[in-house]
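Engineer: Here it is: the structure, laid out below.
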2 protein chains.
Amino acid sequence: MAETATRGEQTRALILDTALRLFEEHGYERTTMRAIAAEAGVSVGNAYYYFDSKEHLIRAFYDHNAERHVAASRPVLDSERDLARRLRGVLRAWADVNAPYHEFAGAFFKTAADPHGPMSPFSRESAPTRAQVTEIYREVVAGSDTKIPPALRSELPNLLWLFNMGVVLYWVHDRSAGTAKTYELIDRTVPLVVRLIGLARFRVMRGVLDDLLDLIRSLSGAT
Amino acid sequence: MAETATRGEQTRALILDTALRLFEEHGYERTTMRAIAAEAGVSVGNAYYYFDSKEHLIRAFYDHNAERHVAASRPVLDSERDLARRLRGVLRAWADVNAPYHEFAGAFFKTAADPHGPMSPFSRESAPTRAQVTEIYREVVAGSDTKIPPALRSELPNLLWLFNMGVVLYWVHDRSAGTAKTYELIDRTVPLVVRLIGLARFRVMRGVLDDLLDLIRSLSGAT
DNA sequence: GTCTATAACACGATAGAC
DNA sequence: GTCTATCGTGTTATAGAC
């Protein structure tokens with residue numbers, strides 16, 4: 001593609017890369033905008049020219065990693081048909097992609113938690129990136145040979161995205177070496193989730209499931 | 001009890017009350033420590049003498065509201081035996097108690113999301129308050145006449161506390177008038193939860209449930 | 001449109017005197 | 001316990017250069 005990015009794009013990328021590196025090295029809070037600008041060899045004003053705020057650097061990082069997550073999910077989506085393997089592969093891909101940033105992910109998570117802020121994963125500004133990731137889970141479901149109750153099928157990608165958010169929640173709190181516990185969480189919850197999906201066929205579960213889906217449809221859009 | 005609080009306790013309470021009032025009136029971010037100190041008639045340094053940081057004011061608020069939640073849950077716990085009614089009553093009590101602070105709860109939520117920060121509901125510093133609230137859910141279960149599978153019984157209070165956190169997550173994002181949607185969420189999820197607990201008796205569910213409980217025991221304590 | 005340099009502002013937080 | 005003075009940092013403003 002375009003080997004030659006415009007000068008602005010280059011500067012923007014330089015500032016972002018520098019910021020991410022300093023965040024990795026010294027943490028988010030302890031990295032000042034002045035330090036980022038100095039290390040990148042630009043003025044503070046220039047950094048603010050490309051990023052409206054320090055938090056917007058996190059958003060750029062978030063969008064960037066969502067794309068890497070999509071790419072890292074490609075192999076398993078192209079090679080596996082079993083639902084559990086597909087889901088497990090995509091979640092592990094997420095953890096792999098984000099591993100280098102685990103140290104400062106807390107700060108990222110904190111700004112993401114601001115309910116009406118632009119960084120919230122539920123916000124309008126996050127909609128494009130959210131759609132991009134939800135699309136992975138649509139493909140996880142669509143490309144699987146596992147039988148899925150039709151009532152559940154359309155809502156399932158959104159539920160799996162929510163499940164992904166749950167894994168993120170555990171991950172940011174995970175202090176085990178190499179976030180081993182998060183990988184264990186993925187490996188052990190995925191079979192449970194798939195079994196629950198299978199259980200949805202049974203008469204006794206159908207009542208609960210239908211009510212749940214009905215509830216989700218009626219309450220979505222609180223933000 | 002002690003009609004005469006020490007001077008320190010009085011000053012502390014004065015600062016806290018003033019802060020909460022200003023948070024309600026102008027929001028958390030827009031209320032400065034200078035404004036709190038000025039309005040309370042003390043110096044900024046004195047405010048910091050009693051509260052290590054602005055966020056610690058939120059912690060004091062959180063502890064205070066946990067106590068009010070316990071008190072507000074008393075009536076339903078003393079009068080109802082049905083599990084669904086008890087659970088519903090306690091959750092609605094939480095929403096009632098926190099209603100006046102919904103506007104600035106987002107800021108509170110944001111600082112609570114910092115994984116290794118002292119405000120995280122999973123942190124060691126939060127353990128006493130968390131225990132206090134979990135105790136409500138232990139009582140919800142213990143005082144109920146609904147049949148609960150023994151395997152589930154001991155872990156259930158913790159799971160219900162987690163469920164409460166889920167309701168909080170929805171609540172902070174809820175922009176409906178009077179957070180009507182949150183009350184709807186409570187009213188409609190509680191029967192589902194209770195039905196799921198009942199389903200735990202069935203053979204097909206037992207496998208999933210046992211694995212889940214096993215997983216929880218093995219992964220708890222990631223923080 | 002892209003970038004620099006410098007100063008200034010607001011606010012959370014701290015130091016040290018009394 | 002309480003105060004005043006001061007610091008560090010995110011952010012903005014100004015005034016311009018290429």
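Chains: A, B, ... in order of the structure tokens. Residues: from 1 per chain. Ligands: from 1, in order shown.
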Could you give me the residues within segment 85-217 of chain B that DSSP places in alpha helix (DSSP H), as a PyMOL selection string?
Structural biologist: chain B and resi 85-98+105-113+127-142+150-153+156-173+180-199+203-217
Engineer: Those selected residues, please, written with C-alpha atoms and delivered as a compact mmCIF listing (two decimals), in the first residue's frame.
Structural biologist:
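Written output follows (selection_25.txt):
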```
# COMPACT_ATOMS: atom_id res chain seq x y z
CA ARG B 85 -38.33 -11.22 47.45
CA ARG B 86 -35.33 -10.99 49.77
CA LEU B 87 -32.88 -10.59 46.92
CA ARG B 88 -35.06 -8.12 45.09
CA GLY B 89 -35.58 -6.09 48.26
CA VAL B 90 -31.88 -5.86 49.03
CA LEU B 91 -30.97 -4.81 45.51
CA ARG B 92 -33.71 -2.21 45.38
CA ALA B 93 -32.52 -0.96 48.76
CA TRP B 94 -29.10 -0.46 47.23
CA ALA B 95 -30.55 1.53 44.34
CA ASP B 96 -32.70 3.62 46.71
CA VAL B 97 -29.79 4.45 48.99
CA ASN B 98 -27.54 5.49 46.12
CA ALA B 105 -21.35 8.10 40.75
CA GLY B 106 -19.55 7.87 37.43
CA ALA B 107 -16.50 9.52 38.93
CA PHE B 108 -16.68 7.20 41.89
CA PHE B 109 -16.92 4.26 39.55
CA LYS B 110 -13.92 5.46 37.58
CA THR B 111 -11.63 5.54 40.58
CA ALA B 112 -13.03 2.20 41.75
CA ALA B 113 -11.98 0.69 38.43
CA ALA B 127 -12.15 -5.91 52.23
CA PRO B 128 -13.94 -4.72 55.39
CA THR B 129 -16.66 -2.89 53.50
CA ARG B 130 -16.97 -5.73 51.01
CA ALA B 131 -17.38 -8.18 53.89
CA GLN B 132 -20.07 -5.97 55.36
CA VAL B 133 -22.11 -6.08 52.16
CA THR B 134 -21.42 -9.76 51.49
CA GLU B 135 -22.81 -10.41 54.94
CA ILE B 136 -26.16 -9.04 53.73
CA TYR B 137 -26.18 -11.63 50.97
CA ARG B 138 -25.20 -14.37 53.38
CA GLU B 139 -28.28 -13.41 55.32
CA VAL B 140 -30.40 -13.25 52.16
CA VAL B 141 -29.53 -16.90 51.58
CA ALA B 142 -29.53 -18.10 55.18
CA PRO B 150 -25.77 -27.56 49.31
CA ALA B 151 -22.87 -27.38 46.86
CA LEU B 152 -23.95 -23.89 45.87
CA ARG B 153 -24.97 -22.64 49.28
CA LEU B 156 -23.76 -18.13 46.76
CA PRO B 157 -23.33 -14.99 48.91
CA ASN B 158 -20.13 -14.11 47.02
CA LEU B 159 -21.86 -14.72 43.70
CA LEU B 160 -24.77 -12.51 44.72
CA TRP B 161 -22.34 -9.76 45.70
CA LEU B 162 -20.84 -10.08 42.23
CA PHE B 163 -24.35 -9.88 40.81
CA ASN B 164 -24.80 -6.68 42.83
CA MET B 165 -21.63 -5.31 41.21
CA GLY B 166 -23.16 -6.12 37.83
CA VAL B 167 -26.24 -4.12 38.75
CA VAL B 168 -23.94 -1.25 39.76
CA LEU B 169 -22.23 -1.45 36.38
CA TYR B 170 -25.58 -1.12 34.63
CA TRP B 171 -26.74 1.60 37.02
CA VAL B 172 -23.83 3.95 36.41
CA HIS B 173 -24.56 3.76 32.69
CA ALA B 180 -36.14 3.25 36.05
CA LYS B 181 -34.30 0.80 33.81
CA THR B 182 -32.08 -0.33 36.67
CA TYR B 183 -35.16 -1.13 38.76
CA GLU B 184 -36.54 -3.02 35.77
CA LEU B 185 -33.26 -4.90 35.47
CA ILE B 186 -33.48 -5.90 39.13
CA ASP B 187 -37.12 -6.95 38.93
CA ARG B 188 -36.56 -9.06 35.86
CA THR B 189 -33.17 -10.63 36.57
CA VAL B 190 -33.94 -11.67 40.15
CA PRO B 191 -36.55 -14.28 39.09
CA LEU B 192 -34.09 -15.56 36.48
CA VAL B 193 -31.33 -15.91 39.06
CA VAL B 194 -33.63 -17.70 41.48
CA ARG B 195 -34.84 -20.01 38.72
CA LEU B 196 -31.23 -20.78 37.79
CA ILE B 197 -30.53 -21.66 41.41
CA GLY B 198 -33.50 -24.02 41.33
CA LEU B 199 -32.26 -25.56 38.09
CA ARG B 203 -28.59 -33.70 36.66
CA VAL B 204 -27.71 -31.84 33.42
CA MET B 205 -26.87 -28.67 35.30
CA ARG B 206 -24.85 -30.29 38.03
CA GLY B 207 -21.82 -30.91 35.81
CA VAL B 208 -21.63 -27.28 34.73
CA LEU B 209 -22.24 -26.03 38.24
CA ASP B 210 -19.60 -28.21 39.88
CA ASP B 211 -17.02 -27.17 37.29
CA LEU B 212 -17.93 -23.54 37.81
CA LEU B 213 -17.62 -23.72 41.59
CA ASP B 214 -14.34 -25.57 41.23
CA LEU B 215 -13.07 -22.86 38.90
CA ILE B 216 -14.07 -20.06 41.26
CA ARG B 217 -12.25 -21.67 44.15
```
Engineer: Give me the residues within 12 Å of Gly45 of chain B as a PyMOL selection string, counting only C-alpha atoms (C1' of nucleotides) and dropping any in the same chain fewer than 4 places off.
Structural biologist: (chain B and resi 15+33-34+36-38+41+49-53) or (chain C and resi 12-16) or (chain D and resi 1-5)
Engineer: Define the interface residues of chain C facing chain A as those within 9 Å, counting only C-alpha atoms (C1' of nucleotides), and report them as a PyMOL selection string.
Structural biologist: chain C and resi 1-5
Engineer: To one decimal place, how far is atom CA of Asp174 of chain B from atom CA of Glu125 of chain A in Å?
Structural biologist: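 That distance, rounded to one decimal, is 17.3 Å.
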Engineer: Sorted by chain and rising residue number, list the residues of chain D at most 12 Å from chain A (counting only C-alpha atoms (C1' of nucleotides)), each with its closest atom pair and distance in Å to one decimal, as a Markdown table.
Structural biologist:
```
| residue | atom | partner | partner_atom | distance |
| --- | --- | --- | --- | --- |
| D:DG8 | C1' | A:Thr32 | CA | 9.9 |
| D:DT9 | C1' | A:Thr32 | CA | 7.0 |
| D:DG10 | C1' | A:Met33 | CA | 7.7 |
| D:DT11 | C1' | A:Ser53 | CA | 8.0 |
| D:DT12 | C1' | A:Gly45 | CA | 9.4 |
| D:DA13 | C1' | A:Gly45 | CA | 10.4 |
| D:DT14 | C1' | A:Gly45 | CA | 11.6 |
```
Engineer: Using C-alpha atoms (C1' of nucleotides), can you write the selected residues to a file as a compact mmCIF listing (two decimals), in the first residue's frame?
Structural biologist:
```txt
# COMPACT_ATOMS: atom_id res chain seq x y z
C1' DG D 8 4.43 18.99 39.56
C1' DT D 9 1.70 18.10 35.74
C1' DG D 10 -2.24 18.24 32.38
C1' DT D 11 -3.68 21.63 29.53
C1' DT D 12 -4.19 26.08 27.08
C1' DA D 13 -2.61 30.46 25.04
C1' DT D 14 0.25 33.31 22.35
```
Engineer: Which residue is closest to chain B? Choose from A:Ala200, A:Leu16, A:Pro149, A:Pro115 and count only C-alpha atoms.
Structural biologist: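 Under the stated criterion, the closest residue is A:Pro115.
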Engineer: What does the distance from atom CA of Ile148 of chain A to atom CA of Leu77 of chain A come to in Å, to one decimal?
Structural biologist: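 Spanning atom CA of Ile148 of chain A to atom CA of Leu77 of chain A is a straight-line distance of 17.4 Å.
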